[in-house]
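Student: Next up, upload.txt (compact mmCIF, C-alpha atoms).
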# COMPACT_ATOMS: atom_id res chain seq x y z
CA MET A 1225 -26.50 11.54 -17.32
CA SER A 1226 -25.78 13.91 -14.44
CA ALA A 1227 -23.12 16.58 -14.63
CA SER A 1228 -19.74 15.94 -13.07
CA THR A 1229 -16.72 18.08 -12.41
CA THR A 1230 -13.07 17.06 -12.75
CA VAL A 1231 -11.07 17.90 -9.60
CA TYR A 1232 -7.79 16.30 -10.73
CA ASP A 1233 -6.66 15.64 -14.28
CA THR A 1234 -3.28 14.30 -15.29
CA ARG A 1235 -1.48 12.26 -17.91
CA VAL A 1236 0.99 9.42 -17.37
CA THR A 1237 4.52 10.32 -18.49
CA ALA A 1238 6.39 7.15 -17.44
CA VAL A 1239 5.83 3.81 -15.71
CA GLY A 1240 8.54 2.51 -13.34
CA ALA A 1241 10.08 -0.95 -13.56
CA GLN A 1242 8.64 -2.03 -10.19
CA VAL A 1243 5.07 -0.91 -10.95
CA PRO A 1244 3.97 -4.45 -11.98
CA ALA A 1245 5.10 -5.80 -8.58
CA PHE A 1246 2.81 -3.27 -6.88
CA LEU A 1247 -0.03 -4.14 -9.29
CA ASP A 1248 0.33 -7.77 -8.15
CA HIS A 1249 -0.51 -6.49 -4.65
CA GLY A 1250 -3.49 -4.49 -5.96
CA ILE A 1251 -1.65 -1.18 -5.61
CA ILE A 1252 -0.89 1.70 -7.96
CA VAL A 1253 1.53 4.40 -6.73
CA LEU A 1254 1.49 7.76 -8.49
CA PHE A 1255 4.05 10.53 -8.14
CA ALA A 1256 4.46 13.80 -10.01
CA HIS A 1257 7.12 13.61 -12.74
CA THR A 1258 9.17 16.02 -10.61
CA ALA A 1259 9.58 13.40 -7.82
CA PRO A 1260 13.14 12.39 -6.86
CA PRO A 1261 14.63 9.82 -9.26
CA GLU A 1262 14.92 7.42 -6.29
CA LEU A 1263 11.11 7.04 -6.40
CA HIS A 1264 10.74 6.53 -10.15
CA ASP A 1265 11.11 2.72 -10.09
CA ILE A 1266 7.98 2.18 -8.01
CA SER A 1267 5.94 5.00 -9.50
CA VAL A 1268 3.54 5.85 -12.24
CA LEU A 1269 4.85 9.33 -13.05
CA HIS A 1270 2.51 11.98 -14.37
CA GLU A 1271 2.15 15.65 -15.25
CA ALA A 1272 -1.07 17.21 -14.00
CA ALA A 1273 -3.17 19.89 -15.72
CA VAL A 1274 -5.88 20.21 -13.04
CA THR A 1275 -5.05 19.96 -9.31
CA GLU A 1276 -8.10 21.37 -7.54
CA ASP A 1277 -8.78 18.72 -4.92
CA GLY A 1278 -7.99 15.23 -3.69
CA PRO A 1279 -10.47 12.37 -3.97
CA LEU A 1280 -13.50 11.96 -1.72
CA PRO A 1281 -15.55 8.82 -1.16
CA GLY A 1282 -18.11 8.60 -3.96
CA ASP A 1283 -15.82 10.24 -6.53
CA THR A 1284 -14.81 8.33 -9.64
CA ILE A 1285 -11.23 7.60 -10.70
CA VAL A 1286 -10.96 7.43 -14.48
CA ILE A 1287 -7.76 5.62 -15.44
CA GLY A 1288 -6.36 4.07 -18.60
CA PRO A 1289 -6.13 4.79 -22.33
CA ALA A 1290 -7.95 8.01 -23.24
CA ASP A 1291 -10.34 6.21 -25.62
CA ALA A 1292 -11.26 3.38 -23.22
CA PRO A 1293 -10.45 4.16 -19.58
CA GLU A 1294 -11.72 2.22 -16.58
CA HIS A 1295 -13.99 3.87 -14.03
CA LEU A 1296 -13.34 3.06 -10.36
CA GLU A 1297 -15.55 4.31 -7.56
CA VAL A 1298 -13.63 5.75 -4.58
CA LEU A 1299 -14.79 3.84 -1.49
CA ALA A 1300 -12.55 5.37 1.19
CA VAL A 1301 -9.79 8.00 1.51
CA GLY A 1302 -7.07 8.19 4.18
CA SER A 1303 -6.26 11.32 6.18
CA VAL A 1304 -3.06 12.35 4.37
CA VAL A 1305 -4.21 11.62 0.81
CA ARG A 1306 -5.24 15.15 -0.13
CA ASP A 1307 -1.98 16.75 1.07
CA ASN A 1308 0.11 14.09 -0.65
CA LEU A 1309 -1.71 14.50 -3.95
CA LEU A 1310 -1.77 18.29 -4.03
CA ASN A 1311 1.79 18.75 -2.70
CA LEU A 1312 3.62 15.88 -4.36
CA GLY A 1313 1.30 14.51 -7.03
CA HIS A 1314 1.38 11.36 -4.91
CA LEU A 1315 -1.44 8.85 -4.55
CA ASP A 1316 -1.67 5.21 -3.46
CA ILE A 1317 -4.63 3.39 -5.01
CA LYS A 1318 -5.52 0.11 -3.28
CA ALA A 1319 -7.94 -2.42 -4.72
CA ASP A 1320 -8.86 -3.71 -1.26
CA GLY A 1321 -12.61 -3.06 -1.22
CA ARG A 1322 -12.38 -1.28 2.14
CA THR A 1323 -14.87 1.39 3.14
CA GLU A 1324 -12.44 2.73 5.76
CA ALA A 1325 -8.84 3.36 4.74
CA LYS A 1326 -6.41 1.04 6.54
CA LEU A 1327 -3.42 3.38 6.10
CA PRO A 1328 -3.48 7.19 6.07
CA GLY A 1329 -2.25 7.32 2.47
CA ASP A 1330 -4.76 4.85 1.01
CA VAL A 1331 -7.39 5.50 -1.62
CA CYS A 1332 -9.58 2.39 -1.59
CA VAL A 1333 -11.43 1.02 -4.62
CA ARG A 1334 -13.18 -2.29 -5.35
CA THR A 1335 -11.20 -5.52 -5.24
CA GLY A 1336 -10.03 -7.12 -8.47
CA PRO A 1337 -7.28 -6.36 -10.97
CA LEU A 1338 -6.25 -2.76 -11.51
CA PRO A 1339 -5.54 -1.55 -15.06
CA THR A 1340 -1.89 -1.70 -16.06
CA PRO A 1341 -0.83 1.93 -16.55
CA ALA A 1342 0.99 2.98 -19.71
CA GLU A 1343 2.64 6.17 -20.87
CA GLY A 1344 0.04 8.58 -22.26
CA ASP A 1345 -2.82 7.17 -20.15
CA VAL A 1346 -5.30 9.53 -18.56
CA PHE A 1347 -5.87 9.76 -14.81
CA ARG A 1348 -8.84 11.81 -13.65
CA ILE A 1349 -10.84 12.25 -10.48
CA THR A 1350 -14.43 13.27 -11.19
CA ARG A 1351 -17.16 14.31 -8.78
CA GLU A 1352 -20.92 14.36 -9.30
CA GLN A 1353 -22.43 17.82 -9.00
CA ALA A 1354 -24.75 18.18 -6.04
CA MET B 521 36.09 18.81 6.77
CA SER B 522 32.99 19.02 8.92
CA GLU B 523 32.68 17.55 12.38
CA TYR B 524 29.56 15.44 12.70
CA THR B 525 27.73 14.40 15.86
CA SER B 526 24.92 11.94 16.48
CA ALA B 527 21.21 12.39 17.07
CA LYS B 528 18.81 9.84 18.46
CA VAL B 529 15.35 9.53 16.90
CA THR B 530 12.66 7.82 18.95
CA ALA B 531 9.22 6.68 17.82
CA GLY B 532 6.49 9.16 18.68
CA ARG B 533 2.99 8.48 19.89
CA GLY B 534 1.48 5.55 18.01
CA GLY B 535 4.71 5.18 16.05
CA TRP B 536 6.79 2.09 15.37
CA GLY B 537 10.44 1.04 15.19
CA GLY B 538 13.70 2.63 16.21
CA PRO B 539 15.25 4.22 18.09
CA LEU B 540 17.68 5.19 15.37
CA THR B 541 21.04 6.86 15.83
CA ILE B 542 21.77 9.22 12.95
CA THR B 543 25.41 10.10 12.35
CA PRO B 544 26.27 11.82 9.06
CA SER B 545 29.68 11.18 7.52
CA ALA B 546 31.76 12.58 4.70
CA GLU B 547 30.37 9.78 2.49
CA ARG B 548 26.77 10.20 3.68
CA PRO B 549 26.35 13.86 4.69
CA LEU B 550 22.74 14.46 3.64
CA ILE B 551 19.61 14.75 5.76
CA ALA B 552 16.99 14.40 3.03
CA SER B 553 13.47 15.74 3.49
CA ILE B 554 11.34 13.70 1.07
CA THR B 555 8.23 15.58 2.16
CA GLY B 556 5.60 17.94 0.79
CA GLY B 557 5.92 21.66 1.43
CA GLY B 558 9.68 22.04 1.78
CA ILE B 559 12.12 21.00 4.51
CA HIS B 560 10.23 19.33 7.37
CA PRO B 561 11.04 20.54 10.94
CA VAL B 562 12.09 16.99 11.89
CA ALA B 563 14.72 17.01 9.12
CA GLN B 564 15.79 20.51 10.13
CA ARG B 565 16.25 19.42 13.75
CA ILE B 566 18.27 16.31 12.83
CA ALA B 567 20.51 18.50 10.67
CA GLU B 568 21.00 21.06 13.44
CA LEU B 569 21.92 18.39 15.99
CA THR B 570 24.27 16.39 13.75
CA GLY B 571 25.86 18.96 11.46
CA GLY B 572 24.46 17.13 8.44
CA GLU B 573 23.40 18.99 5.31
CA VAL B 574 19.63 19.23 4.95
CA VAL B 575 18.20 18.93 1.43
CA ASP B 576 14.67 19.06 -0.01
CA GLY B 577 14.44 15.81 -1.96
CA PHE B 578 11.82 17.26 -4.30
CA LYS B 579 14.04 20.20 -5.26
CA GLY B 580 17.63 19.06 -4.88
CA SER B 581 19.53 15.84 -5.42
CA ALA B 582 19.30 13.15 -2.73
CA PRO B 583 20.80 9.91 -4.06
CA PHE B 584 20.46 6.85 -1.81
CA ASP B 585 24.19 6.44 -1.23
CA LYS B 586 24.66 10.01 0.05
CA LEU B 587 21.95 9.91 2.71
CA ALA B 588 22.52 9.80 6.46
CA VAL B 589 18.74 9.64 6.82
CA ALA B 590 15.56 10.12 4.79
CA VAL B 591 12.71 12.00 6.47
CA ILE B 592 9.37 11.19 4.81
CA ASP B 593 5.68 12.04 5.22
CA CYS B 594 4.49 8.73 3.87
CA GLY B 595 0.99 7.42 4.30
CA GLY B 596 2.17 3.85 4.64
CA THR B 597 2.82 2.21 1.27
CA ALA B 598 5.55 3.53 -0.97
CA ARG B 599 8.24 5.71 0.56
CA VAL B 600 8.17 3.69 3.80
CA GLY B 601 9.69 0.81 1.84
CA VAL B 602 11.82 2.44 -0.84
CA TYR B 603 14.44 3.92 1.46
CA PRO B 604 14.78 0.97 3.90
CA MET B 605 15.07 -1.33 0.86
CA LYS B 606 18.22 0.61 -0.02
CA LYS B 607 19.42 0.34 3.63
CA VAL B 608 18.84 4.04 4.22
CA LYS B 609 17.71 4.97 7.75
CA THR B 610 14.17 6.31 7.42
CA VAL B 611 12.08 8.57 9.65
CA ASP B 612 8.34 8.81 8.91
CA ILE B 613 6.54 11.74 10.51
CA HIS B 614 3.29 9.77 10.20
CA ALA B 615 2.68 6.91 12.65
CA THR B 616 2.93 4.05 10.16
CA SER B 617 3.92 0.41 10.64
CA PRO B 618 5.45 -2.03 8.15
CA ALA B 619 2.99 -2.62 5.31
CA GLY B 620 2.81 -2.78 1.54
CA PRO B 621 4.79 -4.79 -0.99
CA LEU B 622 8.08 -3.63 0.54
CA ALA B 623 7.12 -4.40 4.18
CA GLN B 624 9.87 -7.03 4.46
CA PHE B 625 12.50 -4.27 4.22
CA ILE B 626 10.99 -2.12 6.98
CA THR B 627 12.86 -3.12 10.14
CA GLU B 628 13.34 -1.54 13.57
CA ASP B 629 17.02 -0.87 12.94
CA LEU B 630 16.24 1.16 9.78
CA PHE B 631 12.83 2.68 10.37
CA VAL B 632 11.06 4.80 12.98
CA SER B 633 7.68 6.52 12.70
CA GLY B 634 5.30 8.98 14.30
CA VAL B 635 8.26 11.30 14.85
CA LYS B 636 7.93 14.94 15.92
CA PRO B 637 10.82 17.39 16.40
CA GLU B 638 10.82 16.72 20.18
CA ASP B 639 11.46 13.01 19.49
CA VAL B 640 14.88 13.96 18.10
CA THR B 641 17.56 14.40 20.79
CA GLY B 642 21.30 14.95 20.85
CA GLU B 643 23.59 12.21 22.12
When written as structure tokens, how does the structure in this file appear?
Tutor:
Amino acid sequence: MSASTTVYDTRVTAVGAQVPAFLDHGIIVLFAHTAPPELHDISVLHEAAVTEDGPLPGDTIVIGPADAPEHLEVLAVGSVVRDNLLNLGHLDIKADGRTEAKLPGDVCVRTGPLPTPAEGDVFRITREQA
Amino acid sequence: MSEYTSAKVTAGRGGWGGPLTITPSAERPLIASITGGGIHPVAQRIAELTGGEVVDGFKGSAPFDKLAVAVIDCGGTARVGVYPMKKVKTVDIHATSPAGPLAQFITEDLFVSGVKPEDVTGE
């Protein structure tokens, strides 16, 4: 197993009522727990411990219960993703299988169902060491 | 009581929607900047031209029913829909078009994108 470094590490604090509707579209929206209450309905809220970098293609998103998370390879990253994540704790994960992001805020992963987030879940972005 | 005036916000290069006329009122006085890194210059300019009260949505309170406009830096999925869904006029500084699960709510009379400070003019 090769060494990897964690560039973003956070824990889910709450899951908004509209999150399942976004999951049906293959989308997970994250916002920091400090986001305006107006955004809480659509968001997976979280409190980050490590905020060193945004995702890059080839990174792995580790998401789900701490003892059995899913691993999703990052296929593509839009131009505003890093700023949104580091400034606002905001990320849009799309299970669209694209290798070029369609929208500037998209983080693209393989198609297929995304895990249903729950309070206490981990969310990590890991990067293989060169 | 404050006197409010109107500002016109036009889509910038590659942008979509609008133009929107923003007129704060006693009921809806707030120009909310729902953006990273503090008050965005577009929100600042709308506030200066209209007399509205600019607020950083990530620091202060910006309830839907108090907003004259929401200025966002959305990459196309979430905030672009949340504010129009609540019938709040929405200005995205990124050049996005209707998309995402809330795309049905993103209409030309409520949403304009690709906006820079020079796309905001007095009326």
Student: In Å, rounded to a single decimal, give me how far CA of Gly577 in chain B is from CA of Thr641 in chain B.
Tutor: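 Separation between CA of Thr641 in chain B and CA of Gly577 in chain B: 23.0 Å.
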Student: Just want the 10 Å neighbourhood of Gly1336 in chain A, counted on all atoms listed in the file, with same-chain residues fewer than 6 positions away dropped. Output as a PyMOL selection string.
Tutor: chain A and resi 1250+1318-1321
Student: Using only C-alpha atoms, I'd like every residue of chain B that has an atom within 6 Å of chain A; please write them out as a PyMOL selection string.
Tutor: chain B and resi 556+578+595-596
Student: Restrict the selected residues to C-alpha atoms and save them as a compact mmCIF listing (two decimals), in the frame of the given file.
Tutor:
# COMPACT_ATOMS: atom_id res chain seq x y z
CA GLY B 556 5.60 17.94 0.79
CA PHE B 578 11.82 17.26 -4.30
CA GLY B 595 0.99 7.42 4.30
CA GLY B 596 2.17 3.85 4.64
Student: Which residues are close to Gln564 in chain B, i.e. within 12 Å by only C-alpha atoms, leaving aside same-chain residues fewer than 2 positions away? Reply as an mmCIF file with C-alpha atoms, keeping the file's coordinate frame.
Tutor:
data_model
loop_
_atom_site.group_PDB
_atom_site.id
_atom_site.type_symbol
_atom_site.label_atom_id
_atom_site.label_comp_id
_atom_site.auth_asym_id
_atom_site.auth_seq_id
_atom_site.Cartn_x
_atom_site.Cartn_y
_atom_site.Cartn_z
ATOM 1 C CA ALA B 527 21.210 12.390 17.070
ATOM 2 C CA LEU B 550 22.740 14.460 3.640
ATOM 3 C CA ILE B 551 19.610 14.750 5.760
ATOM 4 C CA ALA B 552 16.990 14.400 3.030
ATOM 5 C CA SER B 553 13.470 15.740 3.490
ATOM 6 C CA GLY B 558 9.680 22.040 1.780
ATOM 7 C CA ILE B 559 12.120 21.000 4.510
ATOM 8 C CA HIS B 560 10.230 19.330 7.370
ATOM 9 C CA PRO B 561 11.040 20.540 10.940
ATOM 10 C CA VAL B 562 12.090 16.990 11.890
ATOM 11 C CA ILE B 566 18.270 16.310 12.830
ATOM 12 C CA ALA B 567 20.510 18.500 10.670
ATOM 13 C CA GLU B 568 21.000 21.060 13.440
ATOM 14 C CA LEU B 569 21.920 18.390 15.990
ATOM 15 C CA THR B 570 24.270 16.390 13.750
ATOM 16 C CA GLY B 571 25.860 18.960 11.460
ATOM 17 C CA GLY B 572 24.460 17.130 8.440
ATOM 18 C CA GLU B 573 23.400 18.990 5.310
ATOM 19 C CA VAL B 574 19.630 19.230 4.950
ATOM 20 C CA VAL B 575 18.200 18.930 1.430
ATOM 21 C CA ASP B 576 14.670 19.060 -0.010
ATOM 22 C CA VAL B 589 18.740 9.640 6.820
ATOM 23 C CA ALA B 590 15.560 10.120 4.790
ATOM 24 C CA VAL B 591 12.710 12.000 6.470
ATOM 25 C CA LYS B 636 7.930 14.940 15.920
ATOM 26 C CA PRO B 637 10.820 17.390 16.400
ATOM 27 C CA GLU B 638 10.820 16.720 20.180
ATOM 28 C CA VAL B 640 14.880 13.960 18.100
#
Student: Counting all atoms listed in the file, figure out which residue out of B:Ala598, B:Val632, B:Ala582, B:Ala619 gets nearest to Ile554 in chain B.
Tutor: B:Ala582
Student: What separation in Å, quoted to one decimal, exists between CA of Arg533 in chain B and CA of Thr616 in chain B?
Tutor: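 It comes out at 10.7 Å.
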Student: Determine the nearest neighbour of Lys607 in chain B from the options B:Glu523, B:Asp593, B:Pro549, B:Leu587, counting only C-alpha atoms.
Tutor: B:Leu587
Student: Excluding same-chain residues fewer than 5 positions from range 538-547 of chain B, what lies within 7 Å of it counting all atoms listed in the file, as a list in words?
Tutor: Tyr524, Thr525, Ser526, Ala527, Lys528, Val529, Thr530, Ala531, Thr570, Gly572, Lys586, Ala588, Val589, Glu628, Asp629, Phe631 and Val632 of chain B
Student: Could those selected residues go to a file with C-alpha atoms, as a PDB file, in the frame of the given file?
Tutor:
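Listed below is the output, selection.pdb:
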ATOM      1  CA  TYR B 524      29.560  15.440  12.700  1.00  0.00           C
ATOM      2  CA  THR B 525      27.730  14.400  15.860  1.00  0.00           C
ATOM      3  CA  SER B 526      24.920  11.940  16.480  1.00  0.00           C
ATOM      4  CA  ALA B 527      21.210  12.390  17.070  1.00  0.00           C
ATOM      5  CA  LYS B 528      18.810   9.840  18.460  1.00  0.00           C
ATOM      6  CA  VAL B 529      15.350   9.530  16.900  1.00  0.00           C
ATOM      7  CA  THR B 530      12.660   7.820  18.950  1.00  0.00           C
ATOM      8  CA  ALA B 531       9.220   6.680  17.820  1.00  0.00           C
ATOM      9  CA  THR B 570      24.270  16.390  13.750  1.00  0.00           C
ATOM     10  CA  GLY B 572      24.460  17.130   8.440  1.00  0.00           C
ATOM     11  CA  LYS B 586      24.660  10.010   0.050  1.00  0.00           C
ATOM     12  CA  ALA B 588      22.520   9.800   6.460  1.00  0.00           C
ATOM     13  CA  VAL B 589      18.740   9.640   6.820  1.00  0.00           C
ATOM     14  CA  GLU B 628      13.340  -1.540  13.570  1.00  0.00           C
ATOM     15  CA  ASP B 629      17.020  -0.870  12.940  1.00  0.00           C
ATOM     16  CA  PHE B 631      12.830   2.680  10.370  1.00  0.00           C
ATOM     17  CA  VAL B 632      11.060   4.800  12.980  1.00  0.00           C
TER      18      VAL B 632
END
Student: CA of Thr1275 in chain A and CA of Arg1306 in chain A are how many Å apart?
Tutor: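 Calculated distance between CA of Thr1275 in chain A and CA of Arg1306 in chain A is 10.4 Å.
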Student: Pick out the closest residue to Thr627 in chain B from this set: B:Gly557, B:Gly642, B:Gly537, B:Gly532. Count only C-alpha atoms.
Tutor: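 Among the listed residues, B:Gly537 lies closest to Thr627 in chain B.
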Student: Smallest atom-to-atom distance to Asp585 in chain B: which of B:Arg565, B:Arg599, B:His614, B:Lys609, using all atoms listed in the file?
Tutor: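 Of B:Arg565, B:Arg599, B:His614, B:Lys609, the one nearest Asp585 in chain B is B:Lys609, counting all atoms listed in the file.
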Student: If you take only C-alpha atoms and a cut-off of 12 Å, which residues of range 1261-1348 of chain A touch range 1226-1241 of chain A, and what are their nearest atom pairs and distances in Å to one decimal, in chain and number order, as a Markdown table?
Tutor:
| residue | atom | partner | partner_atom | distance |
| --- | --- | --- | --- | --- |
| A:Pro1261 | CA | A:Gly1240 | CA | 10.4 |
| A:Glu1262 | CA | A:Gly1240 | CA | 10.7 |
| A:Leu1263 | CA | A:Gly1240 | CA | 8.7 |
| A:His1264 | CA | A:Gly1240 | CA | 5.6 |
| A:Asp1265 | CA | A:Gly1240 | CA | 4.1 |
| A:Ile1266 | CA | A:Gly1240 | CA | 5.4 |
| A:Ser1267 | CA | A:Gly1240 | CA | 5.3 |
| A:Val1268 | CA | A:Val1239 | CA | 4.6 |
| A:Leu1269 | CA | A:Ala1238 | CA | 5.1 |
| A:His1270 | CA | A:Val1236 | CA | 4.2 |
| A:Glu1271 | CA | A:Thr1234 | CA | 5.6 |
| A:Ala1272 | CA | A:Thr1234 | CA | 3.9 |
| A:Ala1273 | CA | A:Thr1234 | CA | 5.6 |
| A:Val1274 | CA | A:Asp1233 | CA | 4.8 |
| A:Thr1275 | CA | A:Tyr1232 | CA | 4.8 |
| A:Glu1276 | CA | A:Val1231 | CA | 5.0 |
| A:Asp1277 | CA | A:Val1231 | CA | 5.3 |
| A:Gly1278 | CA | A:Tyr1232 | CA | 7.1 |
| A:Pro1279 | CA | A:Val1231 | CA | 7.9 |
| A:Leu1280 | CA | A:Val1231 | CA | 10.2 |
| A:Gly1282 | CA | A:Ser1228 | CA | 11.8 |
| A:Asp1283 | CA | A:Ser1228 | CA | 9.5 |
| A:Thr1284 | CA | A:Thr1230 | CA | 9.4 |
| A:Ile1285 | CA | A:Tyr1232 | CA | 9.4 |
| A:Val1286 | CA | A:Asp1233 | CA | 9.3 |
| A:Ile1287 | CA | A:Arg1235 | CA | 9.5 |
| A:Gly1288 | CA | A:Val1236 | CA | 9.2 |
| A:Pro1289 | CA | A:Val1236 | CA | 9.8 |
| A:Ala1290 | CA | A:Arg1235 | CA | 9.4 |
| A:Arg1306 | CA | A:Tyr1232 | CA | 11.0 |
| A:Leu1309 | CA | A:Tyr1232 | CA | 9.3 |
| A:Leu1310 | CA | A:Tyr1232 | CA | 9.2 |
| A:Gly1313 | CA | A:Thr1234 | CA | 9.4 |
| A:His1314 | CA | A:Thr1234 | CA | 11.8 |
| A:Leu1315 | CA | A:Tyr1232 | CA | 11.6 |
| A:Thr1340 | CA | A:Val1239 | CA | 9.5 |
| A:Pro1341 | CA | A:Val1239 | CA | 7.0 |
| A:Ala1342 | CA | A:Val1239 | CA | 6.3 |
| A:Glu1343 | CA | A:Val1236 | CA | 5.1 |
| A:Gly1344 | CA | A:Val1236 | CA | 5.1 |
| A:Asp1345 | CA | A:Val1236 | CA | 5.2 |
| A:Val1346 | CA | A:Arg1235 | CA | 4.7 |
| A:Phe1347 | CA | A:Thr1234 | CA | 5.2 |
| A:Arg1348 | CA | A:Asp1233 | CA | 4.5 |
Student: Name the closest residue to Val608 in chain B among the candidates B:Cys594, B:Leu622, B:Arg548, B:Gly580; distances are taken between atoms, counting only C-alpha atoms.
Tutor: B:Arg548
Student: Complete range 624-642 of chain B at the level of N, CA and C atoms, written as a short mmCIF file (atom, residue, chain, number, x, y, z; two decimals), in the frame of the given file.
Tutor:
data_model
loop_
_atom_site.label_atom_id
_atom_site.label_comp_id
_atom_site.auth_asym_id
_atom_site.auth_seq_id
_atom_site.Cartn_x
_atom_site.Cartn_y
_atom_site.Cartn_z
N GLN B 624 8.76 -6.19 3.97
CA GLN B 624 9.87 -7.03 4.46
C GLN B 624 11.15 -6.22 4.71
N PHE B 625 11.28 -5.08 4.06
CA PHE B 625 12.50 -4.27 4.22
C PHE B 625 12.41 -3.30 5.39
N ILE B 626 11.21 -3.13 5.95
CA ILE B 626 10.99 -2.12 6.98
C ILE B 626 11.26 -2.75 8.34
N THR B 627 12.44 -2.47 8.90
CA THR B 627 12.86 -3.12 10.14
C THR B 627 13.18 -2.06 11.19
N GLU B 628 13.17 -2.49 12.46
CA GLU B 628 13.34 -1.54 13.57
C GLU B 628 14.69 -0.84 13.55
N ASP B 629 15.69 -1.48 12.96
CA ASP B 629 17.02 -0.87 12.94
C ASP B 629 17.18 0.15 11.80
N LEU B 630 16.17 0.23 10.91
CA LEU B 630 16.24 1.16 9.78
C LEU B 630 15.10 2.14 9.75
N PHE B 631 14.06 1.92 10.55
CA PHE B 631 12.83 2.68 10.37
C PHE B 631 12.24 3.09 11.72
N VAL B 632 11.77 4.32 11.78
CA VAL B 632 11.06 4.80 12.98
C VAL B 632 9.96 5.75 12.51
N SER B 633 8.81 5.73 13.20
CA SER B 633 7.68 6.52 12.70
C SER B 633 6.97 7.28 13.80
N GLY B 634 6.05 8.14 13.36
CA GLY B 634 5.30 8.98 14.30
C GLY B 634 6.17 10.05 14.94
N VAL B 635 7.22 10.46 14.25
CA VAL B 635 8.26 11.30 14.85
C VAL B 635 7.93 12.79 14.74
N LYS B 636 8.04 13.48 15.87
CA LYS B 636 7.93 14.94 15.92
C LYS B 636 9.31 15.50 16.29
N PRO B 637 9.49 16.82 16.10
CA PRO B 637 10.82 17.39 16.40
C PRO B 637 11.31 17.04 17.81
N GLU B 638 10.38 17.00 18.80
CA GLU B 638 10.82 16.72 20.18
C GLU B 638 11.25 15.27 20.38
N ASP B 639 11.00 14.40 19.40
CA ASP B 639 11.46 13.01 19.49
C ASP B 639 12.89 12.86 18.98
N VAL B 640 13.49 13.96 18.57
CA VAL B 640 14.88 13.96 18.10
C VAL B 640 15.73 14.62 19.18
N THR B 641 16.72 13.86 19.71
CA THR B 641 17.56 14.40 20.79
C THR B 641 19.04 14.22 20.46
N GLY B 642 19.86 15.08 21.04
CA GLY B 642 21.30 14.95 20.85
C GLY B 642 21.83 13.82 21.70
#
